[in-house]
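Colleague: My structure is below; once you've seen it, I'll send some questions.
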Amino acid sequence: MRKPRSIVAAGAAASLVAATFTVQTATSAAAVTAGPALSVDVSASRHAISPDIYGLNGGDPAFNAEIGQSVARWGGNASSRYNFKNRTYNTGSDWFFENIVADEQHTLEWMVGSNLDRGIKPVVTVPMSGWVAKDSPSSHPFHCGFPASRFPEQDSFDEWDPHCGNGQLDGKNLAGVPEDTSVRADAAFAGEMVSHLVDRFGTAARGGVPIYELDNEPVLWAHTHRDVHPELVTYDELGGKGTATAAAIKAADPSAQVLGPSGWGYCEWVASGLDGCGPGADSAAHGGLNLSQWYLKNMKDFSDAHGGTRYLDYFDQHFYPQISGGKDPATNALRLRSTRSLWDPTYVEESWIGPGGVNAPPLQFIRTMKSWIAQYNPGTKTAVTEYNWGALDDINGALAQADVLGIFGREGLDLATMWGEPKPADPGAFAFRMYRNYDGAGSRFGDVSVSAASADQDRLAVYAAQRSSDSAVTVMVVNKTGDDLTSPLSVAGFDGTGAAQRFTYSPADLSTITRGDLPVSDGRVDATYPANSITLLVLPPAGCSATLHVNGDWGTAHVATVTVTNERRTATTGWRVSWTWPAGQQVTNSWNTALEQDATRVVAADAGWNGSIDAGGSRTFGFQATGRAATPTLTCTPS
């Protein structure tokens, strides 16, 4: 169910007025199919979209910079035994339990420094299993958990280092000797690690590491790190080590935040290692709560017992859909349906979790996380620090990824970092670009989620958000079908302009995002969503315009009148016109405006009594200035 993994060093709202747009692309010669109705209400369900949902665990640095990556996680199986004192980690069951001395670009310090230098927030995993790698040679033969000198008979050995075996004989696990590879490390070690990073980079409050993760997939210690931790993880071990380590982190840096437990998947979401994958004796001994519920409650109880200090800031779980990496029609269809497990109260998980799973169906992964938080540890944020729907080198994987990013924003997830990042030219990378750089100039999907609905989210998935910087409304539509679909889109609570920008990523050209602006006539835009495509509609808000008329020019000075026209469907309550003089002109007098000039920059606002302009109406103001008359570009902003 999981691929081997190692450490990765990663890197004012507009006036809301009812309006309706019908969106449908220009009809091509090919037949199109009527699609489900889409609707957006800009005044409903408004909440901020965290920029941290677009995070990555690794990936190409240039691509990460292109999409404005805001958060990067240093984690994975090897981080569970990383020793910051000697820069050594152990590969665990991923690769023959070998100690590896990290090269410079895989050290903790390099990862933290390189990300902070680029303005990216690092999430640093802190070891918690009880063991970290001891001093080791930097080349073969490595120290390893099951050396041939101690276990000459094993099922397999590393072809590059035959001294190291897989720790099994006839398919049964051997009992390792922890001291062969490791030294003990308790919560105090975690505190030292945080103090080391604070000494090097400062506290979180002063630009250092902002978030620390309580180990990685701890219920798998008995598998991934069975050479040092063969015991099955219990509620009490996870809870005790979690609170102790969180306390050590907060003692070393009170301004840092803590994230955990970072479970590997569904079984760890609901059960301890001792119970397996469902309720058992361990759960019964802890009030019948599943592992996540008890973990949240335990952290809250610990906080309450220690003066109310919050020791868990993010509740984090990993999510991998239980589908193969194939690209056959059945797998592709399942991949696109499976995103509904993140949120849909009507969707029954189609994997082994299914009807037989604990707390399933339906899974409603993000919504369930939030409901448990509300009950057991209110105020905790949500995170998914590993996820991957696969097929990122195919349009199908890009459609799923675009759908997932839309879900993360709509559902209010606080942080997400993908594991197994797309290559820059992969379709999966374009799914990120559609949200973070759709025009090649850094333009982004909105940062305030608003209500968006589809009559059939399985065919056309729709997500919408308003952009704080310019109040534009951005609407992402994912066509999951093999047909061109024509659907009506109604947008309420928004006064738009007479033009809409359209950006499309489709199989027609998998190397680029194409643009085709659409005219708006009487509040309608005609548009079609191509088969297997991602479409972003950008609807700029209606505003005002300003024109300048020179009344007189005598060379050393001039007089002009500016006309401000309201282009919205409702009255303005105020307006502002700005421009920059081309030749150092200086305003010496003005009327009907509150005007200020700073060097060559001029800002002229309404005078209060003339701020209100009826829809389609206009107001004028005038000024006298030194120098010859000019025709600067005027920018008008209504309020």
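Each chain of the structure tokens is named A, B, ... in the order shown, its residues numbered from 1; ligands are numbered from 1 in display order.
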Would you kindly return, as a PyMOL selection string, each protein, DNA or RNA residue with an atom no farther than 9 Å from any atom of Asn83 (chain A), considering only C-alpha atoms and excluding same-chain residues fewer than 3 positions away?
Modeller: chain A and resi 79+86-89+127+132-135+193
Colleague: Within 8 Å of Tyr505 (chain A), counting only C-alpha atoms, which residues qualify if same-chain residues fewer than 5 places away don't, as a VMD selection string?
Modeller: chain A and resid 430 434 510 512 to 514 533 to 535
Colleague: Kindly export the residues of the current selection with C-alpha atoms, as an mmCIF file, in the first residue's frame.
Modeller:
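Listed below is the output, again.cif:
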```
data_model
loop_
_atom_site.group_PDB
_atom_site.id
_atom_site.type_symbol
_atom_site.label_atom_id
_atom_site.label_comp_id
_atom_site.auth_asym_id
_atom_site.auth_seq_id
_atom_site.Cartn_x
_atom_site.Cartn_y
_atom_site.Cartn_z
ATOM 1 C CA PHE A 430 0.042 22.081 -14.512
ATOM 2 C CA MET A 434 -3.750 26.428 -12.664
ATOM 3 C CA LEU A 510 -0.308 19.127 -22.470
ATOM 4 C CA THR A 512 0.858 24.740 -21.963
ATOM 5 C CA ILE A 513 -2.123 26.556 -20.484
ATOM 6 C CA THR A 514 -4.067 28.327 -23.214
ATOM 7 C CA SER A 533 -9.815 19.488 -18.932
ATOM 8 C CA ILE A 534 -9.171 22.037 -16.204
ATOM 9 C CA THR A 535 -10.650 25.472 -16.837
#
```
Colleague: Find the spatial neighbours of region 404-420 of chain A, counting only C-alpha atoms, within a cut-off of 7 Å - ignore same-chain residues fewer than 6 positions away - and output them as a list of chain:residue names.
Modeller: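 Residues meeting the cut-off are A:Ile49, A:Ser50, A:Asp52, A:Ile53, A:Tyr54, A:Gly55, A:Leu56, A:Asn57, A:Ala72, A:Arg73, A:Thr339, A:Lys381, A:Thr382, A:Ala383, A:Val384, A:Thr385, A:Glu386, A:Tyr387, A:Asn388, A:Ser449, A:Tyr463.
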Colleague: So that I can see what lies close to Asp598 (chain A), please list as a PyMOL selection string the residues with an atom at most 10 Å from it, counting only C-alpha atoms and leaving out residues fewer than 5 positions away in the same chain.
Modeller: chain A and resi 580+586+603
Colleague: Please produce an output containing N, CA and C atoms for each residue in the selection, written as a PDB file, in the first residue's frame.
Modeller:
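Result file is part32.pdb:
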```pdb
ATOM      1  N   THR A 580       0.488  59.010 -12.383  1.00  0.00           N
ATOM      2  CA  THR A 580       1.878  59.433 -12.207  1.00  0.00           C
ATOM      3  C   THR A 580       2.223  60.430 -13.310  1.00  0.00           C
ATOM      4  N   GLN A 586       3.420  69.497 -11.089  1.00  0.00           N
ATOM      5  CA  GLN A 586       3.059  69.594  -9.679  1.00  0.00           C
ATOM      6  C   GLN A 586       1.698  70.280  -9.563  1.00  0.00           C
ATOM      7  N   VAL A 603      -2.824  61.130  -6.011  1.00  0.00           N
ATOM      8  CA  VAL A 603      -4.023  60.382  -5.627  1.00  0.00           C
ATOM      9  C   VAL A 603      -5.117  61.396  -5.331  1.00  0.00           C
TER      10      VAL A 603
END
```
Colleague: For Gly584 (chain A), list every protein, DNA or RNA residue within 12 Å, evaluated using only C-alpha atoms, and leave out those in the same chain fewer than 2 positions away; present the list as a list in words.
Modeller: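 Counting only the stated atoms, we get Thr556, Ala557, Thr580, Trp581, Pro582, Gln586, Val587, Gln597, Asp598, Ala599, Thr600, Arg601, Val602, Ala625, Thr626, Gly627, Arg628, Ala629, Ala630 and Pro632 of chain A.
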Colleague: From region 428-505 of chain A, collect each residue whose DSSP state is alpha helix (DSSP H) and return the set as a list in words.
Modeller: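 Assigned to alpha helix (DSSP H), within region 428-505 of chain A: Gly428, Ala429, Phe430, Ala431, Phe432, Arg433, Met434, Tyr435 and Arg436 of chain A.
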Colleague: Name the residues in contact with Val475 (chain A) at a cut-off of 8 Å, using only C-alpha atoms, excluding same-chain residues fewer than 5 positions from it; report them as a list in words.
Modeller: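 Residues meeting the cut-off are Val462, Tyr463, Ala464, Ala465, Leu536, Leu537 and Val538 of chain A.
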Colleague: For the structure I just gave you, how does DSSP split region 117-277 of chain A - specifically, which residues are strand (DSSP E or B)? Reply as a PDB file with C-alpha atoms, in the first residue's frame.
Modeller:
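Just written: part.pdb:
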```
ATOM      1  CA  LYS A 121       8.161  27.662   5.838  1.00  0.00           C
ATOM      2  CA  PRO A 122       9.887  24.376   6.751  1.00  0.00           C
ATOM      3  CA  VAL A 123       8.117  21.656   8.718  1.00  0.00           C
ATOM      4  CA  VAL A 124      10.791  19.662  10.593  1.00  0.00           C
ATOM      5  CA  THR A 125      10.208  16.102  11.816  1.00  0.00           C
ATOM      6  CA  VAL A 126      11.536  15.358  15.307  1.00  0.00           C
ATOM      7  CA  TRP A 131      16.386   5.650  18.965  1.00  0.00           C
ATOM      8  CA  VAL A 132      18.490   7.654  16.482  1.00  0.00           C
ATOM      9  CA  ALA A 133      21.446   6.625  14.299  1.00  0.00           C
ATOM     10  CA  CYS A 144      23.021  -1.892   9.605  1.00  0.00           C
ATOM     11  CA  PRO A 147      24.476  -7.484   9.760  1.00  0.00           C
ATOM     12  CA  PHE A 157      21.113  -8.993   1.285  1.00  0.00           C
ATOM     13  CA  ASP A 158      21.899  -5.592  -0.223  1.00  0.00           C
ATOM     14  CA  ASP A 161      26.575  -4.000   0.611  1.00  0.00           C
ATOM     15  CA  PRO A 162      26.250  -7.765   1.196  1.00  0.00           C
ATOM     16  CA  HIS A 163      27.024  -7.208   4.873  1.00  0.00           C
ATOM     17  CA  CYS A 164      23.453  -5.888   5.372  1.00  0.00           C
ATOM     18  CA  GLY A 165      20.373  -8.099   5.263  1.00  0.00           C
ATOM     19  CA  GLN A 168      13.999 -11.929   7.770  1.00  0.00           C
ATOM     20  CA  LEU A 169      14.573 -15.647   7.557  1.00  0.00           C
ATOM     21  CA  LYS A 172       9.852 -14.376   9.587  1.00  0.00           C
ATOM     22  CA  ASN A 173      11.282 -11.317  11.324  1.00  0.00           C
ATOM     23  CA  SER A 182      21.513   3.358  17.110  1.00  0.00           C
ATOM     24  CA  VAL A 183      21.739   5.243  20.382  1.00  0.00           C
ATOM     25  CA  ARG A 184      18.896   6.076  22.716  1.00  0.00           C
ATOM     26  CA  ILE A 211       6.453  23.958  12.777  1.00  0.00           C
ATOM     27  CA  TYR A 212       7.794  20.702  14.241  1.00  0.00           C
ATOM     28  CA  GLU A 213       6.305  17.300  13.463  1.00  0.00           C
ATOM     29  CA  LEU A 214       6.072  14.569  16.106  1.00  0.00           C
ATOM     30  CA  GLN A 257       3.932  25.044  16.562  1.00  0.00           C
ATOM     31  CA  VAL A 258       3.596  21.267  16.885  1.00  0.00           C
ATOM     32  CA  LEU A 259       2.069  18.892  14.340  1.00  0.00           C
ATOM     33  CA  GLY A 260       1.083  15.262  14.839  1.00  0.00           C
ATOM     34  CA  PRO A 261       0.564  12.319  14.898  1.00  0.00           C
ATOM     35  CA  SER A 262       1.136  12.024  11.130  1.00  0.00           C
ATOM     36  CA  GLY A 263      -0.439   8.601  10.788  1.00  0.00           C
TER      37      GLY A 263
END
```
